[in-house]
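The next block is run-v8.cif, given as mmCIF, C-alpha atoms and all ligand atoms.
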data_entry
loop_
_atom_site.group_PDB
_atom_site.id
_atom_site.type_symbol
_atom_site.label_atom_id
_atom_site.label_comp_id
_atom_site.auth_asym_id
_atom_site.auth_seq_id
_atom_site.Cartn_x
_atom_site.Cartn_y
_atom_site.Cartn_z
ATOM 1 C CA MET A 525 -0.181 13.123 7.161
ATOM 2 C CA SER A 526 0.679 15.926 9.488
ATOM 3 C CA SER A 527 -2.985 16.941 9.350
ATOM 4 C CA VAL A 528 -6.191 15.326 8.232
ATOM 5 C CA PRO A 529 -7.324 16.426 4.742
ATOM 6 C CA GLU A 530 -10.802 17.826 4.302
ATOM 7 C CA PRO A 531 -13.631 15.729 2.848
ATOM 8 C CA PRO A 532 -13.900 13.946 0.452
ATOM 9 C CA LEU A 533 -10.331 12.749 1.014
ATOM 10 C CA ARG A 534 -10.470 12.763 4.796
ATOM 11 C CA SER A 535 -10.713 8.970 5.052
ATOM 12 C CA LEU A 536 -7.440 8.536 3.182
ATOM 13 C CA ALA A 537 -5.041 9.846 5.791
ATOM 14 C CA VAL A 538 -4.322 8.852 9.385
ATOM 15 C CA PRO A 539 -2.511 11.343 11.664
ATOM 16 C CA PRO A 540 0.754 9.989 13.109
ATOM 17 C CA GLU A 541 -0.483 9.893 16.690
ATOM 18 C CA LEU A 542 -3.442 7.759 15.604
ATOM 19 C CA LEU A 543 -1.209 5.568 13.440
ATOM 20 C CA ARG A 544 0.855 4.954 16.572
ATOM 21 C CA ALA A 545 -2.264 4.010 18.532
ATOM 22 C CA GLN A 546 -3.499 1.703 15.780
ATOM 23 C CA LEU A 547 -0.176 -0.095 15.356
ATOM 24 C CA THR A 548 0.385 -0.290 19.099
ATOM 25 C CA ALA A 549 -2.997 -1.985 19.435
ATOM 26 C CA LEU A 550 -2.158 -4.508 16.708
ATOM 27 C CA THR A 551 1.173 -5.267 18.363
ATOM 28 C CA ALA A 552 -0.512 -5.669 21.748
ATOM 29 C CA ALA A 553 -2.981 -8.080 20.133
ATOM 30 C CA GLY A 554 -0.066 -10.284 19.159
ATOM 31 C CA TYR A 555 0.420 -9.357 15.524
ATOM 32 C CA ARG A 556 3.858 -9.048 13.969
ATOM 33 C CA LEU A 557 3.890 -6.082 11.581
ATOM 34 C CA THR A 558 5.752 -6.643 8.314
ATOM 35 C CA GLY A 559 5.939 -5.637 4.683
ATOM 36 C CA LEU A 560 3.842 -7.580 2.200
ATOM 37 C CA SER A 561 6.602 -9.676 0.604
ATOM 38 C CA GLU A 562 7.788 -10.754 4.039
ATOM 39 C CA ALA A 563 4.238 -11.771 4.908
ATOM 40 C CA VAL A 564 3.958 -13.697 1.648
ATOM 41 C CA ASP A 565 7.226 -15.487 2.419
ATOM 42 C CA LEU A 566 6.068 -16.362 5.932
ATOM 43 C CA ARG A 567 2.888 -17.828 4.513
ATOM 44 C CA ALA A 568 4.830 -19.826 1.921
ATOM 45 C CA ALA A 569 7.051 -21.193 4.682
ATOM 46 C CA GLY A 570 4.005 -22.402 6.577
ATOM 47 C CA SER A 571 4.332 -19.939 9.453
ATOM 48 C CA VAL A 572 1.477 -19.897 11.914
ATOM 49 C CA GLU A 573 2.557 -16.575 13.369
ATOM 50 C CA LYS A 574 -0.032 -13.797 13.553
ATOM 51 C CA VAL A 575 1.178 -11.306 10.962
ATOM 52 C CA VAL A 576 -0.265 -8.103 9.565
ATOM 53 C CA ALA A 577 1.326 -6.688 6.427
ATOM 54 C CA LEU A 578 1.329 -2.883 6.382
ATOM 55 C CA THR A 579 1.274 -1.029 3.069
ATOM 56 C CA PHE A 580 1.503 2.686 2.314
ATOM 57 C CA ASP A 581 0.689 3.942 -1.184
ATOM 58 C CA ASP A 582 2.171 6.645 -3.400
ATOM 59 C CA GLY A 583 5.321 7.533 -1.411
ATOM 60 C CA TYR A 584 4.453 10.810 0.300
ATOM 61 C CA LEU A 585 7.156 12.739 2.104
ATOM 62 C CA ASP A 586 5.278 12.439 5.381
ATOM 63 C CA PHE A 587 5.974 8.709 5.389
ATOM 64 C CA LEU A 588 9.582 9.623 6.149
ATOM 65 C CA ASP A 589 8.775 12.483 8.512
ATOM 66 C CA ALA A 590 5.836 11.040 10.411
ATOM 67 C CA GLY A 591 5.209 7.396 9.557
ATOM 68 C CA LEU A 592 8.659 5.875 9.687
ATOM 69 C CA PRO A 593 9.418 7.064 13.249
ATOM 70 C CA VAL A 594 6.262 5.296 14.438
ATOM 71 C CA LEU A 595 7.205 2.081 12.648
ATOM 72 C CA THR A 596 10.763 2.224 13.957
ATOM 73 C CA ASP A 597 9.614 2.765 17.539
ATOM 74 C CA LEU A 598 7.360 -0.288 17.320
ATOM 75 C CA GLY A 599 9.874 -2.527 15.555
ATOM 76 C CA ALA A 600 7.504 -2.745 12.581
ATOM 77 C CA SER A 601 8.248 -2.923 8.903
ATOM 78 C CA ALA A 602 5.978 -2.139 5.954
ATOM 79 C CA THR A 603 5.857 -1.883 2.180
ATOM 80 C CA LEU A 604 5.938 1.591 0.660
ATOM 81 C CA TYR A 605 4.557 1.739 -2.888
ATOM 82 C CA MET A 606 6.187 4.517 -4.872
ATOM 83 C CA SER A 607 5.074 6.140 -8.126
ATOM 84 C CA VAL A 608 8.674 6.835 -8.993
ATOM 85 C CA GLY A 609 7.961 9.010 -12.032
ATOM 86 C CA HIS A 610 6.603 11.652 -9.631
ATOM 87 C CA ALA A 611 9.523 11.532 -7.162
ATOM 88 C CA GLY A 612 9.937 14.903 -5.470
ATOM 89 C CA GLU A 613 6.729 16.266 -7.022
ATOM 90 C CA PRO A 614 3.133 16.706 -5.842
ATOM 91 C CA ALA A 615 0.656 13.900 -6.513
ATOM 92 C CA SER A 616 -0.779 15.498 -9.646
ATOM 93 C CA TRP A 617 -3.457 12.805 -10.038
ATOM 94 C CA LEU A 618 -5.156 14.182 -6.924
ATOM 95 C CA GLY A 619 -5.791 17.459 -8.745
ATOM 96 C CA PRO A 620 -6.774 20.284 -6.381
ATOM 97 C CA HIS A 621 -6.403 17.938 -3.400
ATOM 98 C CA ALA A 622 -2.696 17.321 -4.029
ATOM 99 C CA PRO A 623 -1.438 20.048 -1.661
ATOM 100 C CA ALA A 624 -3.164 18.376 1.282
ATOM 101 C CA PHE A 625 -1.005 15.305 0.778
ATOM 102 C CA GLY A 626 2.299 17.088 0.182
ATOM 103 C CA PRO A 627 5.034 16.077 -2.252
ATOM 104 C CA LEU A 628 6.280 12.590 -2.911
ATOM 105 C CA LEU A 629 9.658 11.509 -1.596
ATOM 106 C CA THR A 630 12.730 12.444 -3.570
ATOM 107 C CA LEU A 631 14.901 9.556 -4.740
ATOM 108 C CA GLY A 632 17.407 10.301 -1.996
ATOM 109 C CA GLN A 633 14.651 10.169 0.610
ATOM 110 C CA LEU A 634 13.376 6.927 -0.887
ATOM 111 C CA ARG A 635 16.824 5.399 -0.396
ATOM 112 C CA GLU A 636 16.698 6.581 3.203
ATOM 113 C CA VAL A 637 13.376 4.797 3.711
ATOM 114 C CA ALA A 638 14.735 1.599 2.153
ATOM 115 C CA ALA A 639 17.853 1.768 4.324
ATOM 116 C CA ALA A 640 15.593 1.876 7.385
ATOM 117 C CA GLY A 641 14.288 -1.612 6.525
ATOM 118 C CA ILE A 642 11.110 -0.689 4.685
ATOM 119 C CA GLU A 643 10.280 -2.728 1.567
ATOM 120 C CA ILE A 644 9.965 -0.552 -1.520
ATOM 121 C CA GLY A 645 7.266 -1.657 -3.949
ATOM 122 C CA SER A 646 6.275 -0.260 -7.326
ATOM 123 C CA HIS A 647 3.156 1.835 -7.809
ATOM 124 C CA SER A 648 3.890 2.317 -11.530
ATOM 125 C CA LEU A 649 5.705 5.266 -13.030
ATOM 126 C CA LEU A 650 3.001 7.886 -13.307
ATOM 127 C CA HIS A 651 -0.040 6.532 -11.439
ATOM 128 C CA HIS A 652 -2.237 6.123 -14.519
ATOM 129 C CA PRO A 653 -5.044 3.552 -14.359
ATOM 130 C CA LEU A 654 -3.244 0.657 -16.053
ATOM 131 C CA ASP A 655 -6.248 -1.158 -17.484
ATOM 132 C CA VAL A 656 -6.856 1.532 -20.104
ATOM 133 C CA LEU A 657 -3.282 1.893 -21.364
ATOM 134 C CA PRO A 658 -2.080 0.554 -24.716
ATOM 135 C CA PRO A 659 0.285 -2.431 -24.382
ATOM 136 C CA ALA A 660 3.511 -0.463 -24.912
ATOM 137 C CA ALA A 661 2.567 2.129 -22.303
ATOM 138 C CA LEU A 662 1.531 -0.604 -19.877
ATOM 139 C CA GLN A 663 4.913 -2.297 -20.302
ATOM 140 C CA ARG A 664 6.694 0.987 -19.673
ATOM 141 C CA GLU A 665 4.691 1.684 -16.527
ATOM 142 C CA VAL A 666 5.415 -1.700 -14.938
ATOM 143 C CA ILE A 667 8.936 -2.420 -16.244
ATOM 144 C CA ASP A 668 10.574 1.007 -16.141
ATOM 145 C CA SER A 669 9.207 1.755 -12.686
ATOM 146 C CA ARG A 670 10.524 -1.514 -11.308
ATOM 147 C CA ASP A 671 13.943 -1.033 -12.915
ATOM 148 C CA ARG A 672 14.259 2.528 -11.660
ATOM 149 C CA LEU A 673 13.302 1.605 -8.138
ATOM 150 C CA ALA A 674 15.672 -1.365 -8.099
ATOM 151 C CA ASP A 675 18.494 0.878 -9.279
ATOM 152 C CA GLU A 676 17.767 3.389 -6.556
ATOM 153 C CA VAL A 677 17.460 1.028 -3.614
ATOM 154 C CA GLN A 678 19.844 -1.651 -4.929
ATOM 155 C CA ARG A 679 17.546 -4.555 -4.269
ATOM 156 C CA PRO A 680 14.939 -6.473 -6.288
ATOM 157 C CA ILE A 681 11.432 -5.011 -6.370
ATOM 158 C CA ARG A 682 8.994 -7.843 -5.680
ATOM 159 C CA SER A 683 5.700 -6.143 -4.940
ATOM 160 C CA PHE A 684 3.356 -3.936 -6.986
ATOM 161 C CA ALA A 685 0.263 -1.903 -6.090
ATOM 162 C CA TYR A 686 -2.156 -1.075 -8.909
ATOM 163 C CA PRO A 687 -2.789 2.677 -9.265
ATOM 164 C CA HIS A 688 -6.416 3.356 -8.291
ATOM 165 C CA GLY A 689 -6.688 -0.416 -7.800
ATOM 166 C CA TYR A 690 -7.450 -1.133 -11.439
ATOM 167 C CA ASN A 691 -6.208 -4.487 -12.647
ATOM 168 C CA GLY A 692 -7.314 -7.257 -14.950
ATOM 169 C CA ARG A 693 -5.812 -10.261 -16.627
ATOM 170 C CA ALA A 694 -3.571 -8.267 -19.018
ATOM 171 C CA VAL A 695 -2.374 -5.904 -16.293
ATOM 172 C CA ARG A 696 -1.619 -8.725 -13.873
ATOM 173 C CA ALA A 697 0.244 -10.624 -16.596
ATOM 174 C CA ALA A 698 2.376 -7.576 -17.361
ATOM 175 C CA VAL A 699 3.139 -7.088 -13.677
ATOM 176 C CA ALA A 700 4.182 -10.741 -13.381
ATOM 177 C CA ARG A 701 6.331 -10.603 -16.542
ATOM 178 C CA ALA A 702 8.119 -7.555 -15.165
ATOM 179 C CA GLY A 703 9.301 -9.733 -12.269
ATOM 180 C CA HIS A 704 6.912 -8.998 -9.404
ATOM 181 C CA ASP A 705 5.751 -12.019 -7.400
ATOM 182 C CA ASN A 706 3.004 -10.297 -5.430
ATOM 183 C CA ALA A 707 0.675 -7.362 -5.947
ATOM 184 C CA CYS A 708 -2.190 -5.745 -4.127
ATOM 185 C CA GLU A 709 -5.380 -4.061 -5.129
ATOM 186 C CA VAL A 710 -8.194 -2.295 -3.326
ATOM 187 C CA GLY A 711 -10.196 -5.341 -2.283
ATOM 188 C CA ARG A 712 -11.947 -4.160 0.869
ATOM 189 C CA ARG A 713 -12.138 -7.664 2.234
ATOM 190 C CA LEU A 714 -10.137 -10.439 3.812
ATOM 191 C CA TYR A 715 -7.764 -12.414 1.655
ATOM 192 C CA THR A 716 -8.764 -16.005 1.016
ATOM 193 C CA ALA A 717 -6.647 -18.923 -0.120
ATOM 194 C CA SER A 718 -8.287 -18.777 -3.545
ATOM 195 C CA ASP A 719 -7.161 -15.199 -4.180
ATOM 196 C CA HIS A 720 -4.455 -14.625 -6.778
ATOM 197 C CA PRO A 721 -1.050 -13.565 -5.362
ATOM 198 C CA LEU A 722 -1.127 -10.693 -7.856
ATOM 199 C CA ALA A 723 -4.495 -9.466 -6.551
ATOM 200 C CA ILE A 724 -4.152 -9.399 -2.770
ATOM 201 C CA PRO A 725 -6.998 -7.376 -1.218
ATOM 202 C CA ARG A 726 -6.423 -4.866 1.549
ATOM 203 C CA LEU A 727 -8.239 -3.153 4.400
ATOM 204 C CA GLN A 728 -7.955 0.585 4.752
ATOM 205 C CA PRO A 729 -7.672 2.099 8.215
ATOM 206 C CA THR A 730 -9.141 5.603 8.438
ATOM 207 C CA PRO A 731 -9.028 8.473 10.964
ATOM 208 C CA ASP A 732 -12.227 7.012 12.404
ATOM 209 C CA HIS A 733 -10.590 3.742 13.519
ATOM 210 C CA SER A 734 -9.288 3.596 17.062
ATOM 211 C CA GLY A 735 -6.658 1.014 17.877
ATOM 212 C CA ALA A 736 -9.373 -1.340 19.144
ATOM 213 C CA ASP A 737 -11.401 -0.747 15.986
ATOM 214 C CA LEU A 738 -8.445 -1.731 13.866
ATOM 215 C CA VAL A 739 -7.834 -4.916 15.839
ATOM 216 C CA ARG A 740 -11.486 -5.863 15.252
ATOM 217 C CA LEU A 741 -11.207 -4.969 11.578
ATOM 218 C CA VAL A 742 -8.160 -7.177 11.110
ATOM 219 C CA ALA A 743 -9.815 -9.985 13.063
ATOM 220 C CA ASP A 744 -13.045 -10.177 11.104
ATOM 221 C CA GLY A 745 -12.743 -7.931 8.057
ATOM 222 C CA GLY A 746 -15.362 -5.490 9.281
ATOM 223 C CA PRO A 747 -18.472 -4.462 7.385
ATOM 224 C CA GLN A 748 -18.449 -4.397 3.621
ATOM 225 C CA LEU A 749 -18.539 -0.650 3.229
ATOM 226 C CA VAL A 750 -19.582 0.994 0.013
ATOM 227 C CA PRO A 751 -16.665 3.123 -1.150
ATOM 228 C CA ARG A 752 -17.325 6.833 -1.222
ATOM 229 C CA ILE A 753 -14.370 7.555 -3.478
ATOM 230 C CA LYS A 754 -13.299 4.996 -6.028
ATOM 231 C CA ARG A 755 -11.834 6.818 -8.975
ATOM 232 C CA THR A 756 -9.311 9.302 -7.662
ATOM 233 C CA ALA A 757 -8.612 8.413 -4.095
ATOM 234 C CA GLN A 758 -5.340 7.077 -2.763
ATOM 235 C CA PRO A 759 -5.418 5.775 0.761
ATOM 236 C CA ALA A 760 -2.566 6.507 3.069
ATOM 237 C CA TRP A 761 -2.027 3.000 4.309
ATOM 238 C CA ARG A 762 -3.562 -0.424 4.328
ATOM 239 C CA VAL A 763 -3.172 -3.781 5.960
ATOM 240 C CA ALA A 764 -3.274 -7.386 4.953
ATOM 241 C CA ARG A 765 -3.396 -10.105 7.545
ATOM 242 C CA LEU A 766 -1.422 -13.303 7.680
ATOM 243 C CA LEU A 767 -2.659 -15.751 10.233
ATOM 244 C CA ALA A 768 -2.240 -19.459 10.813
ATOM 245 C CA GLY A 769 -0.417 -19.928 7.560
ATOM 246 C CA ARG A 770 -3.076 -18.233 5.480
ATOM 247 C CA LEU A 771 -2.798 -14.751 4.124
ATOM 248 C CA PHE A 772 -5.804 -12.525 4.590
ATOM 249 C CA GLY A 773 -6.332 -8.982 3.542
ATOM 250 C CA VAL A 774 -9.108 -6.511 3.725
ATOM 251 C CA LYS A 775 -9.629 -2.968 2.827
ATOM 252 C CA LEU A 776 -12.273 -0.344 2.938
ATOM 253 C CA THR A 777 -12.406 3.178 1.636
HETATM 254 ZN ZN ZN A 801 -1.859 5.491 -5.390
#

Take the structure I supplied and represent it as structure tokens, if you would.
Amino acid sequence: MSSVPEPPLRSLAVPPELLRAQLTALTAAGYRLTGLSEAVDLRAAGSVEKVVALTFDDGYLDFLDAGLPVLTDLGASATLYMSVGHAGEPASWLGPHAPAFGPLLTLGQLREVAAAGIEIGSHSLLHHPLDVLPPAALQREVIDSRDRLADEVQRPIRSFAYPHGYNGRAVRAAVARAGHDNACEVGRRLYTASDHPLAIPRLQPTPDHSGADLVRLVADGGPQLVPRIKRTAQPAWRVARLLAGRLFGVKLT
């Protein structure tokens, strides 16, 4: 975000200078900052490294303009979840709030992001809540989006983020059948070993988190906040923590 949106979406965007402070604090606290699939692989390999997986939803243009330079400067990677059916267009699901978030990346810009070492994940085609779709539409949302993204960036798409966080057994099964091996939801808590790899919870940093706040949040999961916006909101970025061979995630909105 080049600016902070007005309420009620204010908590969903972090200005680039604050993103830099937050990520700098995590790095200083000893965390390696990666995309989610890389964190999953490190966990599977038994790594005991302190790792935080960074995820950014939707694929807004300001990820390229404002977020990527911060990541590059810090030697960090991340996973960017793209709703590829809206490439180059405003986020229509945000309704009147869409202008505050700007357009989504074009396909050419998405390739630029991938070439910079950022993992591209699928956020479905059109950002519909997937749990209410008929089976054929669900298949299209999870299969076509993955295929289109893979064609664009010329690499397999492993990770999926559920639009609006909605998932259930049928949705997770469709996501797995499409070829994804990990997926994340809203969560708002730390990951535990009993969590499903296709339902990894996340924490959501907000404009109210200083760097020190974020380090504390990642360390202990923070308070279990009641979400103010559940149905339409799309956070700007989130984190999941990998530590001592166990993957944790938390998220708050
Ligand atoms: Zn989204």

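Atom pair CA of Leu592 (chain A) / CA of Gly641 (chain A) has a distance of 9.9 Å (rounded to one decimal).
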
Using all atoms of region 702-715 of chain A listed in the file and a margin of 3 Å per side, can you give the axis-aligned box centre and edge lengths in Å to one decimal, as AutoDock Vina command-line options?
--center_x -1.4 --center_y -7.4 --center_z -5.7 --size_x 27.4 --size_y 16.1 --size_z 25.0

(message) Residues contacting ligand ZN 801 (chain A) - anything with an atom at most 6 Å away, using all atoms listed in the file - can you give me those as a ChimeraX atom specification?
(response) /A:581-582,687-688,758

(request) Record the distance separating CA of Ala553 (chain A) and CA of Val739 (chain A), expressed in Å with one decimal. (result) 7.2 Å

(message) If I take CA of Pro729 (chain A) and CA of Ala537 (chain A), how far is one from the other in Å, to one decimal?
(response) 8.5 Å

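Matched in the shown structure by the PyMOL selection byres (((chain A and resi 695-702) around 7) and not hetatm): Leu654, Asp655, Gln663, Val666, Ile667, Asn691, Gly692, Arg693, Ala694, Gly703, His704, Asp705 and Leu722 of chain A.
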
(message) Can you translate the PyMOL selection byres (((chain A and resi 612) around 8) and not hetatm) into the concrete residues it hits in this file, as a PyMOL selection string?
(response) chain A and resi 610-611+613-614+627-631

(request) With a distance cut-off of 12 Å and all atoms listed in the file, select the neighbouring residues of Ala674 (chain A), excluding the residue or stretch itself and same-chain residues fewer than 5 positions from it, and output the selection as a PyMOL selection string. (result) chain A and resi 606+608+631+634-635+638+643-646+667-669+679-683+703-704

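Taking all atoms listed in the file into account, the polymer residues that have an atom no farther than 7 Å from (-6.8, -8.3, -7.7) are A:Asn691, A:Cys708, A:Glu709, A:His720, A:Leu722, A:Ala723, A:Ile724, A:Pro725.
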
(request) Just say which residues the PyMOL selection byres (((chain A and resi 588) around 9) and not hetatm) picks in this file, as a list in words. (result) Gly583, Tyr584, Leu585, Asp586, Phe587, Asp589, Ala590, Gly591, Leu592, Pro593, Leu629, Gln633, Leu634, Glu636 and Val637 of chain A

Could you list, as an mmCIF file with C-alpha atoms, keeping the file's coordinate frame, every residue within 12 Å of Leu542 (chain A), counting all atoms listed in the file and ignoring same-chain residues fewer than 5 positions away?
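Below you can see out_33.cif, which holds the result:
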data_model
loop_
_atom_site.group_PDB
_atom_site.id
_atom_site.type_symbol
_atom_site.label_atom_id
_atom_site.label_comp_id
_atom_site.auth_asym_id
_atom_site.auth_seq_id
_atom_site.Cartn_x
_atom_site.Cartn_y
_atom_site.Cartn_z
ATOM 1 C CA MET A 525 -0.181 13.123 7.161
ATOM 2 C CA SER A 526 0.679 15.926 9.488
ATOM 3 C CA SER A 527 -2.985 16.941 9.350
ATOM 4 C CA VAL A 528 -6.191 15.326 8.232
ATOM 5 C CA ALA A 537 -5.041 9.846 5.791
ATOM 6 C CA LEU A 547 -0.176 -0.095 15.356
ATOM 7 C CA THR A 548 0.385 -0.290 19.099
ATOM 8 C CA ALA A 549 -2.997 -1.985 19.435
ATOM 9 C CA ALA A 590 5.836 11.040 10.411
ATOM 10 C CA GLY A 591 5.209 7.396 9.557
ATOM 11 C CA VAL A 594 6.262 5.296 14.438
ATOM 12 C CA PRO A 729 -7.672 2.099 8.215
ATOM 13 C CA THR A 730 -9.141 5.603 8.438
ATOM 14 C CA PRO A 731 -9.028 8.473 10.964
ATOM 15 C CA ASP A 732 -12.227 7.012 12.404
ATOM 16 C CA HIS A 733 -10.590 3.742 13.519
ATOM 17 C CA SER A 734 -9.288 3.596 17.062
ATOM 18 C CA GLY A 735 -6.658 1.014 17.877
ATOM 19 C CA ALA A 736 -9.373 -1.340 19.144
ATOM 20 C CA ASP A 737 -11.401 -0.747 15.986
ATOM 21 C CA LEU A 738 -8.445 -1.731 13.866
#

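Using all atoms listed in the file, the shortest contact distance between Asp744 (chain A) and any of A:Pro623, A:Tyr690, A:Leu657, A:Arg713 is found at A:Arg713.
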
(message) Give me, as a ChimeraX atom specification, all polymer residues having an atom no more than 6 Å from His647 (chain A), counting only C-alpha atoms and skipping those fewer than 6 positions away in the same chain.
(response) /A:605-607,684-685

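Residue nearest Ala615 (chain A) within the list A:Ala602, A:His652, A:Ala577, A:Gln678: A:His652 [criterion: smallest interatomic distance, all atoms listed in the file].
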